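Student: What follows is run08.pdb, PDB, C-alpha atoms.
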ATOM      1  CA  GLY A 228     -21.063-154.291   0.463
ATOM      2  CA  GLY A 229     -21.066-157.599  -1.341
ATOM      3  CA  CYS A 230     -23.808-159.041   0.879
ATOM      4  CA  ALA A 231     -25.830-161.835  -0.683
ATOM      5  CA  PRO A 232     -27.380-165.113   0.478
ATOM      6  CA  PRO A 233     -25.104-168.126   0.001
ATOM      7  CA  PRO A 234     -25.934-170.575  -2.794
ATOM      8  CA  LEU A 235     -27.884-173.693  -1.906
ATOM      9  CA  LEU A 236     -26.093-176.883  -2.890
ATOM     10  CA  ALA A 237     -28.459-179.819  -2.615
ATOM     11  CA  SER A 238     -29.755-182.793  -4.564
ATOM     12  CA  ALA A 239     -33.280-184.093  -4.178
ATOM     13  CA  HIS A 240     -34.524-187.661  -3.970
ATOM     14  CA  GLY A 241     -38.036-188.465  -5.101
ATOM     15  CA  ARG A 242     -38.802-185.461  -7.293
ATOM     16  CA  GLY A 243     -42.370-184.952  -8.311
ATOM     17  CA  ARG A 244     -43.194-184.701  -4.624
ATOM     18  CA  PRO A 245     -46.824-184.643  -3.535
ATOM     19  CA  PRO A 246     -48.271-181.368  -2.249
ATOM     20  CA  ALA A 247     -47.685-180.800   1.420
ATOM     21  CA  SER A 248     -50.315-181.934   3.883
ATOM     22  CA  PRO A 249     -50.739-180.339   7.319
ATOM     23  CA  PRO A 250     -48.710-182.011  10.063
ATOM     24  CA  GLY A 251     -50.745-184.721  11.721
ATOM     25  CA  THR A 252     -53.138-185.208   8.795
ATOM     26  CA  PRO A 253     -54.756-188.666   9.173
ATOM     27  CA  ARG A 254     -53.716-191.263   6.648
ATOM     28  CA  GLN A 255     -56.269-191.894   3.927
ATOM     29  CA  PRO A 256     -57.101-195.377   2.606
ATOM     30  CA  GLY A 257     -54.516-196.443   0.054
ATOM     31  CA  GLU A 258     -52.213-193.541   0.856
ATOM     32  CA  PRO A 259     -48.488-194.428   0.869
ATOM     33  CA  ALA A 260     -46.304-194.155   3.953
ATOM     34  CA  ARG A 261     -45.094-190.698   2.862
ATOM     35  CA  LEU A 262     -47.891-188.911   4.683
ATOM     36  CA  LEU A 263     -46.453-186.365   7.074
ATOM     37  CA  GLY A 264     -46.007-183.522   4.611
ATOM     38  CA  TRP A 265     -42.469-183.185   5.990
ATOM     39  CA  MET A 266     -39.053-183.012   4.353
ATOM     40  CA  ALA A 267     -35.801-184.432   5.722
ATOM     41  CA  ALA A 268     -32.762-182.287   4.863
ATOM     42  CA  ILE A 269     -29.756-184.558   5.411
ATOM     43  CA  ILE A 270     -26.333-182.922   5.644
ATOM     44  CA  SER A 271     -23.649-185.154   4.169
ATOM     45  CA  ARG A 272     -20.501-184.983   2.075
ATOM     46  CA  SER A 273     -21.986-187.488  -0.355
ATOM     47  CA  ASN A 274     -25.400-188.943  -1.100
ATOM     48  CA  THR A 275     -23.751-192.319  -1.677
ATOM     49  CA  SER A 276     -22.008-192.663   1.693
ATOM     50  CA  SER A 277     -23.128-195.532   3.903
ATOM     51  CA  ASN A 278     -24.322-193.137   6.624
ATOM     52  CA  TYR A 279     -26.416-191.120   4.187
ATOM     53  CA  VAL A 280     -27.950-194.166   2.518
ATOM     54  CA  ARG A 281     -28.871-195.648   5.909
ATOM     55  CA  LEU A 282     -30.382-192.431   7.268
ATOM     56  CA  ALA A 283     -32.240-191.664   4.034
ATOM     57  CA  SER A 284     -33.805-195.122   4.161
ATOM     58  CA  GLN A 285     -34.899-194.585   7.771
ATOM     59  CA  THR A 286     -36.401-191.150   7.105
ATOM     60  CA  ARG A 287     -38.339-192.422   4.092
ATOM     61  CA  ALA A 288     -39.700-195.257   6.228
ATOM     62  CA  ILE A 289     -40.883-192.681   8.776
ATOM     63  CA  GLY A 290     -42.738-190.835   6.018
ATOM     64  CA  LEU A 291     -40.360-188.016   5.107
ATOM     65  CA  VAL A 292     -39.144-186.933   1.678
ATOM     66  CA  THR A 293     -35.348-186.864   1.678
ATOM     67  CA  LEU A 294     -33.154-184.067   0.379
ATOM     68  CA  HIS A 295     -29.368-184.217   0.247
ATOM     69  CA  ILE A 296     -27.631-181.080   1.562
ATOM     70  CA  LEU A 297     -24.019-180.987   0.472
ATOM     71  CA  ALA A 298     -21.869-180.501   3.571
ATOM     72  CA  SER A 299     -19.635-177.450   3.572
ATOM     73  CA  LEU A 300     -15.921-178.046   4.210
ATOM     74  CA  PRO A 301     -13.133-175.526   4.846
ATOM     75  CA  SER A 302     -11.139-177.064   1.992
ATOM     76  CA  GLN A 303     -13.810-175.893  -0.450
ATOM     77  CA  TYR A 304     -12.912-172.233   0.193
ATOM     78  CA  PRO A 305      -9.785-170.291  -0.740
ATOM     79  CA  SER A 306      -9.584-168.720   2.714
ATOM     80  CA  ARG A 307     -11.209-168.656   6.124
ATOM     81  CA  ARG A 308     -12.477-165.168   5.323
ATOM     82  CA  SER A 309     -14.412-166.419   2.300
ATOM     83  CA  LEU A 310     -15.921-169.189   4.445
ATOM     84  CA  VAL A 311     -17.112-166.644   7.039
ATOM     85  CA  ALA A 312     -18.393-164.352   4.272
ATOM     86  CA  GLU A 313     -20.590-167.111   2.855
ATOM     87  CA  LEU A 314     -21.935-167.994   6.282
ATOM     88  CA  PHE A 315     -23.097-164.428   6.935
ATOM     89  CA  GLY A 316     -23.841-163.574   3.317
ATOM     90  CA  CYS A 317     -21.619-160.508   3.550
ATOM     91  CA  SER A 318     -17.999-160.005   2.468
ATOM     92  CA  THR A 319     -17.357-157.259   5.046
ATOM     93  CA  VAL A 320     -18.184-159.287   8.159
ATOM     94  CA  ARG A 321     -15.475-159.780  10.766
ATOM     95  CA  ASP A 322     -14.021-163.133  11.697
ATOM     96  CA  VAL A 323     -15.445-165.332  14.464
ATOM     97  CA  PRO A 324     -12.258-166.281  16.338
ATOM     98  CA  ARG A 325     -13.975-168.481  18.905
ATOM     99  CA  LEU A 326     -15.040-170.934  16.207
ATOM    100  CA  THR A 327     -12.794-173.238  14.242
ATOM    101  CA  SER A 328     -13.058-173.345  10.464
ATOM    102  CA  PHE A 329     -14.772-176.738  10.708
ATOM    103  CA  GLU A 330     -17.369-175.345  13.129
ATOM    104  CA  ILE A 331     -18.074-172.427  10.801
ATOM    105  CA  ALA A 332     -18.448-174.853   7.886
ATOM    106  CA  LEU A 333     -20.908-176.924   9.928
ATOM    107  CA  LEU A 334     -22.978-173.811  10.671
ATOM    108  CA  LEU A 335     -23.009-173.045   6.958
ATOM    109  CA  SER A 336     -24.229-176.572   6.223
ATOM    110  CA  HIS A 337     -27.109-176.089   8.642
ATOM    111  CA  LYS A 338     -27.877-172.715   7.077
ATOM    112  CA  ARG A 339     -28.144-174.423   3.704
ATOM    113  CA  ALA A 340     -30.482-177.040   5.162
ATOM    114  CA  LEU A 341     -32.732-174.362   6.680
ATOM    115  CA  ALA A 342     -32.789-172.477   3.374
ATOM    116  CA  ALA A 343     -33.890-175.674   1.631
ATOM    117  CA  ILE A 344     -36.751-176.110   4.106
ATOM    118  CA  ALA A 345     -37.795-172.463   3.781
ATOM    119  CA  SER A 346     -37.965-172.686  -0.024
ATOM    120  CA  SER A 347     -39.717-176.066  -0.124
ATOM    121  CA  ARG A 348     -43.392-176.817  -0.564
ATOM    122  CA  PHE A 349     -43.478-178.842   2.642
ATOM    123  CA  ASP A 350     -45.102-177.610   5.841
ATOM    124  CA  TRP A 351     -42.301-178.891   8.054
ATOM    125  CA  GLY A 352     -38.709-179.899   7.664
ATOM    126  CA  VAL A 353     -36.248-181.925   9.696
ATOM    127  CA  VAL A 354     -32.495-181.277   9.634
ATOM    128  CA  PHE A 355     -30.259-184.292  10.136
ATOM    129  CA  GLU A 356     -26.520-184.633  10.240
ATOM    130  CA  GLU A 357     -25.601-187.843   8.472
ATOM    131  CA  ASP A 358     -24.392-189.625  11.608
ATOM    132  CA  ALA A 359     -27.854-189.366  13.199
ATOM    133  CA  THR A 360     -29.827-192.598  13.311
ATOM    134  CA  LEU A 361     -33.176-193.875  14.501
ATOM    135  CA  HIS A 362     -32.773-195.660  17.833
ATOM    136  CA  PRO A 363     -33.023-199.442  17.294
ATOM    137  CA  SER A 364     -35.800-199.603  19.906
ATOM    138  CA  VAL A 365     -37.995-197.192  17.915
ATOM    139  CA  GLN A 366     -39.829-198.389  14.810
ATOM    140  CA  PRO A 367     -40.634-195.969  11.935
ATOM    141  CA  LYS A 368     -44.352-196.255  12.696
ATOM    142  CA  GLN A 369     -43.701-195.234  16.299
ATOM    143  CA  ALA A 370     -41.591-192.271  15.152
ATOM    144  CA  ARG A 371     -44.467-191.044  12.956
ATOM    145  CA  GLN A 372     -46.865-191.340  15.887
ATOM    146  CA  LEU A 373     -44.516-189.446  18.205
ATOM    147  CA  LEU A 374     -44.219-186.574  15.739
ATOM    148  CA  ARG A 375     -47.993-186.389  15.365
ATOM    149  CA  HIS A 376     -48.606-186.572  19.109
ATOM    150  CA  THR A 377     -46.057-183.826  19.740
ATOM    151  CA  LEU A 378     -47.740-181.401  17.346
ATOM    152  CA  ALA A 379     -51.214-182.329  18.534
ATOM    153  CA  PHE A 380     -50.205-181.744  22.152
ATOM    154  CA  ALA A 381     -48.641-178.374  21.323
ATOM    155  CA  GLY A 382     -51.810-177.393  19.469
ATOM    156  CA  SER A 383     -53.947-178.373  22.456
ATOM    157  CA  LEU A 384     -51.976-175.874  24.549
ATOM    158  CA  GLY A 385     -52.838-173.099  22.145
ATOM    159  CA  ARG A 386     -49.276-172.914  20.831
ATOM    160  CA  ASN A 387     -48.644-171.540  17.357
ATOM    161  CA  LEU A 388     -47.115-174.530  15.605
ATOM    162  CA  ASP A 389     -45.052-172.243  13.378
ATOM    163  CA  ASP A 390     -43.195-171.092  16.489
ATOM    164  CA  LEU A 391     -42.116-174.566  17.584
ATOM    165  CA  PHE A 392     -38.535-175.800  17.427
ATOM    166  CA  LEU A 393     -38.398-179.533  18.030
ATOM    167  CA  PHE A 394     -35.238-181.295  19.163
ATOM    168  CA  LEU A 395     -35.451-184.864  17.882
ATOM    169  CA  GLY A 396     -32.199-186.043  19.397
ATOM    170  CA  ALA A 397     -29.626-184.926  21.925
ATOM    171  CA  CYS A 398     -26.275-185.923  23.361
ATOM    172  CA  SER A 399     -26.122-186.524  27.124
ATOM    173  CA  ALA A 400     -29.746-185.482  27.568
ATOM    174  CA  HIS A 401     -31.015-184.789  31.079
ATOM    175  CA  CYS A 402     -34.713-184.206  31.794
ATOM    176  CA  ASP A 403     -36.695-183.393  34.917
ATOM    177  CA  GLN A 404     -38.867-186.489  34.899
ATOM    178  CA  ASN A 405     -39.650-189.775  33.225
ATOM    179  CA  VAL A 406     -42.852-190.240  31.233
ATOM    180  CA  THR A 407     -45.303-193.122  31.451
ATOM    181  CA  GLN A 408     -46.025-195.440  28.552
ATOM    182  CA  GLU A 409     -49.663-194.386  28.469
ATOM    183  CA  TYR A 410     -49.372-192.083  25.451
ATOM    184  CA  PHE A 411     -46.445-193.593  23.590
ATOM    185  CA  GLY A 412     -47.282-197.198  22.853
ATOM    186  CA  GLN A 413     -44.386-199.613  22.932
ATOM    187  CA  VAL A 414     -41.485-197.157  22.939
ATOM    188  CA  HIS A 415     -38.944-198.382  25.483
ATOM    189  CA  GLN A 416     -39.289-196.675  28.862
ATOM    190  CA  SER A 417     -35.603-195.729  28.934
ATOM    191  CA  LEU A 418     -36.170-193.427  25.932
ATOM    192  CA  LEU A 419     -39.094-191.485  27.407
ATOM    193  CA  ARG A 420     -38.315-188.215  29.152
ATOM    194  CA  GLY A 421     -40.412-185.175  29.995
ATOM    195  CA  GLY A 422     -40.363-181.799  31.643
ATOM    196  CA  HIS A 423     -37.499-179.380  31.113
ATOM    197  CA  CYS A 424     -34.646-181.058  29.219
ATOM    198  CA  ARG A 425     -31.023-180.156  28.701
ATOM    199  CA  GLY A 426     -28.578-181.667  26.255
ATOM    200  CA  TYR A 427     -25.937-181.116  23.624
ATOM    201  CA  CYS A 428     -25.661-181.476  19.837
ATOM    202  CA  ALA A 429     -27.987-180.374  17.053
ATOM    203  CA  HIS A 430     -27.868-183.435  14.852
ATOM    204  CA  ALA A 431     -31.659-183.812  14.529
ATOM    205  CA  TYR A 432     -34.269-181.069  14.859
ATOM    206  CA  ALA A 433     -37.471-179.937  13.149
ATOM    207  CA  MET A 434     -39.323-176.710  12.466
ATOM    208  CA  SER A 435     -41.973-175.303  10.165
ATOM    209  CA  ARG A 436     -41.188-173.886   6.745
ATOM    210  CA  ARG A 437     -42.134-170.417   8.003
ATOM    211  CA  ARG A 438     -39.855-170.663  11.030
ATOM    212  CA  ALA A 439     -36.951-171.827   8.870
ATOM    213  CA  GLY A 440     -37.406-168.737   6.711
ATOM    214  CA  THR A 441     -36.755-166.483   9.717
ATOM    215  CA  LEU A 442     -33.408-168.036  10.697
TER
END
The structure in this file should be written as structure tokens.

Tutor:
Amino acid sequence: GGCAPPPLLASAHGRGRPPASPPGTPRQPGEPARLLGWMAAIISRSNTSSNYVRLASQTRAIGLVTLHILASLPSQYPSRRSLVAELFGCSTVRDVPRLTSFEIALLLSHKRALAAIASSRFDWGVVFEEDATLHPSVQPKQARQLLRHTLAFAGSLGRNLDDLFLFLGACSAHCDQNVTQEYFGQVHQSLLRGGHCRGYCAHAYAMSRRRAGTL
């Protein structure tokens, strides 16, 4: 008993958002840079922190609409049990002893971000932790192109785009092969990897609104 979805604590930037456009929609003459039809859900303790302000500026330059997701902290809950209950949306759930309270709070923050994407009007959403940043060798225009090319390539393989889960960053990433510059413009060669990849962290990833609603 007592099961219910946790409340969403977020603040939006740029309300009055334009209707979503399909991922990869070509830019029309006179259309502003915000053209991807994507939302960036940024997890942060404050929307005035230097990390948040920097990342929000970068995501807007890429063409995303930013949304602040208030980070969950163990200190915000009267007990560890209440923290776990909000994560699972059920007051009768057992504890998760393998995870620290901070790890559980981080999972809850990501759950809030996914809920924001699922309830948005945007086709796709990107979840960022506030310490993520665009690599200095990658310009916002290049990042937009990479996102478009990724979806276009997946579509050419007959993949259902709603099923995709895109990792946009990783820690200690290892991939099977390097990739040539042919399809990626001036992105530095050291950043291009292909094949099967392995890595750590989930500080930057993207999925469709429909996929977010299933998680």

Student: Using all atoms listed in the file, I'd like a table of the residues in stretch 325-435 of chain A that come within 12 Å of stretch 267-270 of chain A; for each, show the closest atom pair and its distance in Å rounded to one decimal, ordered by chain and ascending number, as JSON lines.

Tutor:
{"residue": "A:Ala332", "atom": "CA", "partner": "A:Ile270", "partner_atom": "CA", "distance": 11.5}
{"residue": "A:Leu333", "atom": "CA", "partner": "A:Ile270", "partner_atom": "CA", "distance": 9.2}
{"residue": "A:Leu334", "atom": "CA", "partner": "A:Ile270", "partner_atom": "CA", "distance": 10.9}
{"residue": "A:Leu335", "atom": "CA", "partner": "A:Ile270", "partner_atom": "CA", "distance": 10.5}
{"residue": "A:Ser336", "atom": "CA", "partner": "A:Ile270", "partner_atom": "CA", "distance": 6.7}
{"residue": "A:His337", "atom": "CA", "partner": "A:Ile270", "partner_atom": "CA", "distance": 7.5}
{"residue": "A:Lys338", "atom": "CA", "partner": "A:Ile270", "partner_atom": "CA", "distance": 10.4}
{"residue": "A:Arg339", "atom": "CA", "partner": "A:Ile270", "partner_atom": "CA", "distance": 8.9}
{"residue": "A:Ala340", "atom": "CA", "partner": "A:Ala268", "partner_atom": "CA", "distance": 5.7}
{"residue": "A:Leu341", "atom": "CA", "partner": "A:Ala268", "partner_atom": "CA", "distance": 8.1}
{"residue": "A:Ala342", "atom": "CA", "partner": "A:Ala268", "partner_atom": "CA", "distance": 9.9}
{"residue": "A:Ala343", "atom": "CA", "partner": "A:Ala268", "partner_atom": "CA", "distance": 7.4}
{"residue": "A:Ile344", "atom": "CA", "partner": "A:Ala268", "partner_atom": "CA", "distance": 7.4}
{"residue": "A:Ala345", "atom": "CA", "partner": "A:Ala268", "partner_atom": "CA", "distance": 11.1}
{"residue": "A:Ser346", "atom": "CA", "partner": "A:Ala268", "partner_atom": "CA", "distance": 12.0}
{"residue": "A:Ser347", "atom": "CA", "partner": "A:Ala268", "partner_atom": "CA", "distance": 10.6}
{"residue": "A:Phe349", "atom": "CA", "partner": "A:Ala267", "partner_atom": "CA", "distance": 10.0}
{"residue": "A:Asp350", "atom": "CA", "partner": "A:Ala267", "partner_atom": "CA", "distance": 11.5}
{"residue": "A:Trp351", "atom": "CA", "partner": "A:Ala267", "partner_atom": "CA", "distance": 8.9}
{"residue": "A:Gly352", "atom": "CA", "partner": "A:Ala267", "partner_atom": "CA", "distance": 5.7}
{"residue": "A:Val353", "atom": "CA", "partner": "A:Ala267", "partner_atom": "CA", "distance": 4.7}
{"residue": "A:Val354", "atom": "CA", "partner": "A:Ala268", "partner_atom": "CA", "distance": 4.9}
{"residue": "A:Phe355", "atom": "CA", "partner": "A:Ile269", "partner_atom": "CA", "distance": 4.8}
{"residue": "A:Glu356", "atom": "CA", "partner": "A:Ile270", "partner_atom": "CA", "distance": 4.9}
{"residue": "A:Glu357", "atom": "CA", "partner": "A:Ile270", "partner_atom": "CA", "distance": 5.7}
{"residue": "A:Asp358", "atom": "CA", "partner": "A:Ile270", "partner_atom": "CA", "distance": 9.2}
{"residue": "A:Ala359", "atom": "CA", "partner": "A:Ile269", "partner_atom": "CA", "distance": 9.3}
{"residue": "A:Thr360", "atom": "CA", "partner": "A:Ile269", "partner_atom": "CA", "distance": 11.3}
{"residue": "A:Ala429", "atom": "CA", "partner": "A:Ile270", "partner_atom": "CA", "distance": 11.8}
{"residue": "A:His430", "atom": "CA", "partner": "A:Ile270", "partner_atom": "CA", "distance": 9.3}
{"residue": "A:Ala431", "atom": "CA", "partner": "A:Ile269", "partner_atom": "CA", "distance": 9.3}
{"residue": "A:Tyr432", "atom": "CA", "partner": "A:Ala267", "partner_atom": "CA", "distance": 9.9}
{"residue": "A:Ala433", "atom": "CA", "partner": "A:Ala267", "partner_atom": "CA", "distance": 8.8}
{"residue": "A:Met434", "atom": "CA", "partner": "A:Ala267", "partner_atom": "CA", "distance": 10.8}
{"residue": "A:Ser435", "atom": "CA", "partner": "A:Ala267", "partner_atom": "CA", "distance": 11.9}

Student: Can you list, as a count of residues only, the residues that the PyMOL selection byres ((chain A and resi 291) around 7) selects here?

Tutor: 11

Student: At what distance in Å, to one decimal, does atom CA of A:Leu361 lie from atom CA of A:Val280?

Tutor: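 It comes out at 13.1 Å.
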
Student: With the PyMOL selection byres ((chain A and resi 367) around 6) as the selection, what would be picked from this file? Answer as a list of chain:residue names, please.

Tutor: A:Ala288, A:Ile289, A:Gln366, A:Lys368, A:Gln369, A:Ala370

Student: At a cut-off of 12 Å, using all atoms listed in the file, what residues contact A:Thr275? Leave out same-chain residues fewer than 2 positions from it and give the result as an NGL selection string.

Tutor: :A and (238 or 240 or 271-273 or 277-284 or 295 or 297 or 357)

Student: Quick one: write out the picked residues with C-alpha atoms as a PDB file, in the frame of the given file?

Tutor:
ATOM      1  CA  SER A 238     -29.755-182.793  -4.564  1.00  0.00           C
ATOM      2  CA  HIS A 240     -34.524-187.661  -3.970  1.00  0.00           C
ATOM      3  CA  SER A 271     -23.649-185.154   4.169  1.00  0.00           C
ATOM      4  CA  ARG A 272     -20.501-184.983   2.075  1.00  0.00           C
ATOM      5  CA  SER A 273     -21.986-187.488  -0.355  1.00  0.00           C
ATOM      6  CA  SER A 277     -23.128-195.532   3.903  1.00  0.00           C
ATOM      7  CA  ASN A 278     -24.322-193.137   6.624  1.00  0.00           C
ATOM      8  CA  TYR A 279     -26.416-191.120   4.187  1.00  0.00           C
ATOM      9  CA  VAL A 280     -27.950-194.166   2.518  1.00  0.00           C
ATOM     10  CA  ARG A 281     -28.871-195.648   5.909  1.00  0.00           C
ATOM     11  CA  LEU A 282     -30.382-192.431   7.268  1.00  0.00           C
ATOM     12  CA  ALA A 283     -32.240-191.664   4.034  1.00  0.00           C
ATOM     13  CA  SER A 284     -33.805-195.122   4.161  1.00  0.00           C
ATOM     14  CA  HIS A 295     -29.368-184.217   0.247  1.00  0.00           C
ATOM     15  CA  LEU A 297     -24.019-180.987   0.472  1.00  0.00           C
ATOM     16  CA  GLU A 357     -25.601-187.843   8.472  1.00  0.00           C
TER      17      GLU A 357
END

Student: I need the residue set behind the PyMOL selection byres ((chain A and resi 330) around 12) for this file; please write it as a ChimeraX atom specification.

Tutor: /A:298-301,307,310-311,314,323-329,331-337

Student: For a test of reading the model, state the distance in Å between atom CA of A:Ala381 and atom CA of A:Phe394, rounded to one decimal.

Tutor: 13.9 Å

Student: Work out how far atom CA of A:Asp322 is from atom CA of A:Ser309, in Å to one decimal.

Tutor: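 Atom CA of A:Ser309 sits 10.0 Å away from atom CA of A:Asp322.
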
Student: Go through A:Asp390, A:Ala397, A:Arg308, A:Gly426 one by one, measure the shortest atom-to-atom distance of each to A:Thr441 using only C-alpha atoms, and give the residue with the smallest value.

Tutor: A:Asp390

Student: Find the axis-aligned box for stretch 359-376 of chain A, covering all its listed atoms and adding 4 Å on each side, and write its centre and edge lengths in Å to one decimal as lines of an AutoDock Vina configuration file.

Tutor:
center_x = -38.2
center_y = -193.0
center_z = 15.9
size_x = 28.8
size_y = 21.2
size_z = 16.0
